[in-house]
Each structure stands twice: as C-alpha cells, then as structure tokens.
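Have a look at the structure below before the remarks.
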Amino acid sequence: LIPLAKGYEYITPAPVRDKIGNAFSNIREPLSMLNNLAAGELKDAGTNLGRFLINTTIGILGLFDPATAWFDLPEAKQSIADTLAGYGVAPGPYLVLPLLGQNNVRGSTSVVSEYLLDPIGQVTNPPDTYYLQGVDAVDSFSDRARVYEELYRQAEDPYLYFRNQFLQGVKRDDHFSQPQQ
C-alpha cells in the first residue's frame with residue numbers, strides 16, 4: 001500500500017484527508033457502539049451513539065468532529081478483537097496475511113467480521129462498496145506509510161522487528177483489557 005498511500009498523499013491535500021478520515025471514523029461509530037455494548041461498556045456505547053448523532057448532523061455526515069471539539073466526547077473505539085480480549089479469548093498465533101498485514105487469529109477474525117458488518121457495505125452496493133473500502137484502507141494507512149517505510153529500512157531483520165512490536169502491543173493491550181482486581 002505504500003505507493004498508493006504516497007500517491008494519495010500527493011494528490012489529496014491534508015485538510016481533505018483529515019475530513020475523509022473523520023467521515024470514515026464516524027461511519028464506524030455504530031460498530032464500536034455494538035462492540036462496547038457486547039463488552040458491557042454502556043457509558044462508551046452511549047458515547048459512540050452521541051458521537052454518531054452529533055457528527056452525522058452538526059458535523060455534516062462526519063466530515064467534522066464537533067462531538068470532540070464542542071461536546072468533549074472523545075472516541076471510544078472498540079473492535080470485535082477488543083471485545084473478545086475482554087472475555088479472555090486468547091490472541092492465537094501470529095499471522096501475516098496478504099494485503100491485511102500482521103495480525104493474530106483473534107484480530108484476523110475481527111477484521112473479517114468487521115468487513116462483513118461494515119456499515120459502508122450495508123448502505124452501498126458493489127462495486128461502490130469496494131471503492132469506498134479501498135479509499136478507507138489507503139486513507140487510514142497513509143499517515144503511517146512513511147514511518148513504516150523508515151522503520152523497515154532501519155530494522156536489521158524487518159520481519160522479526162515488526163513481529164516483536166506487534167506481539168508486545170497485543171500483550172500490552174490484553175493486560176489493559178482485563179478487569180483490574
């Protein structure tokens with residue numbers, strides 16, 4: 001995705017990329033709300049609902065984020081993988097999937113499930129669905145592409161470096177998702 005991300009950055013001004021990212025984040029709020037409900041995080045689910053309603057209306061279909069700026073409602077992202085981790089589902093082995101990149105079984109299950117439940121797919125039909133999901137993927141990766149490229153270049157063994165970073169991140173996230181005693 002690096003060449004696509006660079007091309008996207010080149011032809012799309014930063015303020016426009018920001019608005020596109022806001023819109024895609026807003027579209028995902030209902031999915032985060034369902035995951036927060038499933039995790040028993042009622043306050044966060046309410047935050048997701050409030051953010052979606054505010055940003056869809058006042059924020060002009062999510063292009064702007066008045067929920068954060070005016071109403072002090074921070075994002076409460078929750079994926080299926082986060083919900084499963086909260087229920088103690090183990091991450092499973094490390095995987096590197098074509099186009100999807102590094103993950104584990106729990107995270108890969110989340111990616112596939114969220115692709116199937118993606119609100120974009122519920123309101124559009126192919127091929128428009130695929131175009132929008134492609135723009136979303138490139139947009140969300142574009143801000144990380146240069147950092148990824150630089151880390152890849154500096155790593156003595158890029159596979160080991162990125163695998164270890166990923167596994168440490170999963171371990172950290174699992175530690176914080178478990179109920180504190």
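Following the order of the structure tokens, chains are lettered A, B, ..., residues in each are numbered from 1, and ligands are numbered from 1.
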
Residues of chain A in strand (DSSP E), written as a PyMOL selection string: chain A and resi 94-97+101-104

Prev. selection, C-alpha atoms, output as a short mmCIF file (atom, residue, chain, number, x, y, z; two decimals), in the first residue's frame:
```cif
data_model
loop_
_atom_site.label_atom_id
_atom_site.label_comp_id
_atom_site.auth_asym_id
_atom_site.auth_seq_id
_atom_site.Cartn_x
_atom_site.Cartn_y
_atom_site.Cartn_z
CA TYR A 94 0.89 -14.57 14.89
CA LEU A 95 -0.13 -14.32 11.22
CA VAL A 96 0.91 -12.23 8.24
CA LEU A 97 -1.93 -12.08 5.76
CA GLY A 101 -0.70 -7.44 7.09
CA GLN A 102 0.25 -8.71 10.51
CA ASN A 103 -2.30 -9.92 12.99
CA ASN A 104 -3.25 -12.92 15.10
#
```

Within 12 Å of Pro93 (chain A) using only C-alpha atoms, minus same-chain residues under 6 positions, as a count of residues only: 11

For region 126-137 of chain A: contacts at 10 Å, only C-alpha atoms, fewer than 2 positions along chain excluded, given as a list in words: Leu1, Leu4, Ala5, Tyr8, Ile20, Gly21, Ala23, Phe24, Ser25, Leu100, Tyr115, Asp118, Pro119, Ile120, Gly121, Gln122, Val123, Thr124, Asp139, Ser140, Phe141 and Ser142 of chain A

Region 4-169 of chain A: residues DSSP assigns to alpha helix (DSSP H), reported as a ChimeraX atom specification: /A:4-11,14-38,42-57,66-69,80-86,105-117,119-123,128-154,158-169

Two-atom distance - CA of Ile60 (chain A), CA of Asp18 (chain A) (Å): 13.9 Å

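Distance annotation: of A:Leu34, A:Leu63, A:Phe52, A:Leu160, the residue with the minimal separation from Asp82 (chain A) is A:Leu34; atom set is only C-alpha atoms.
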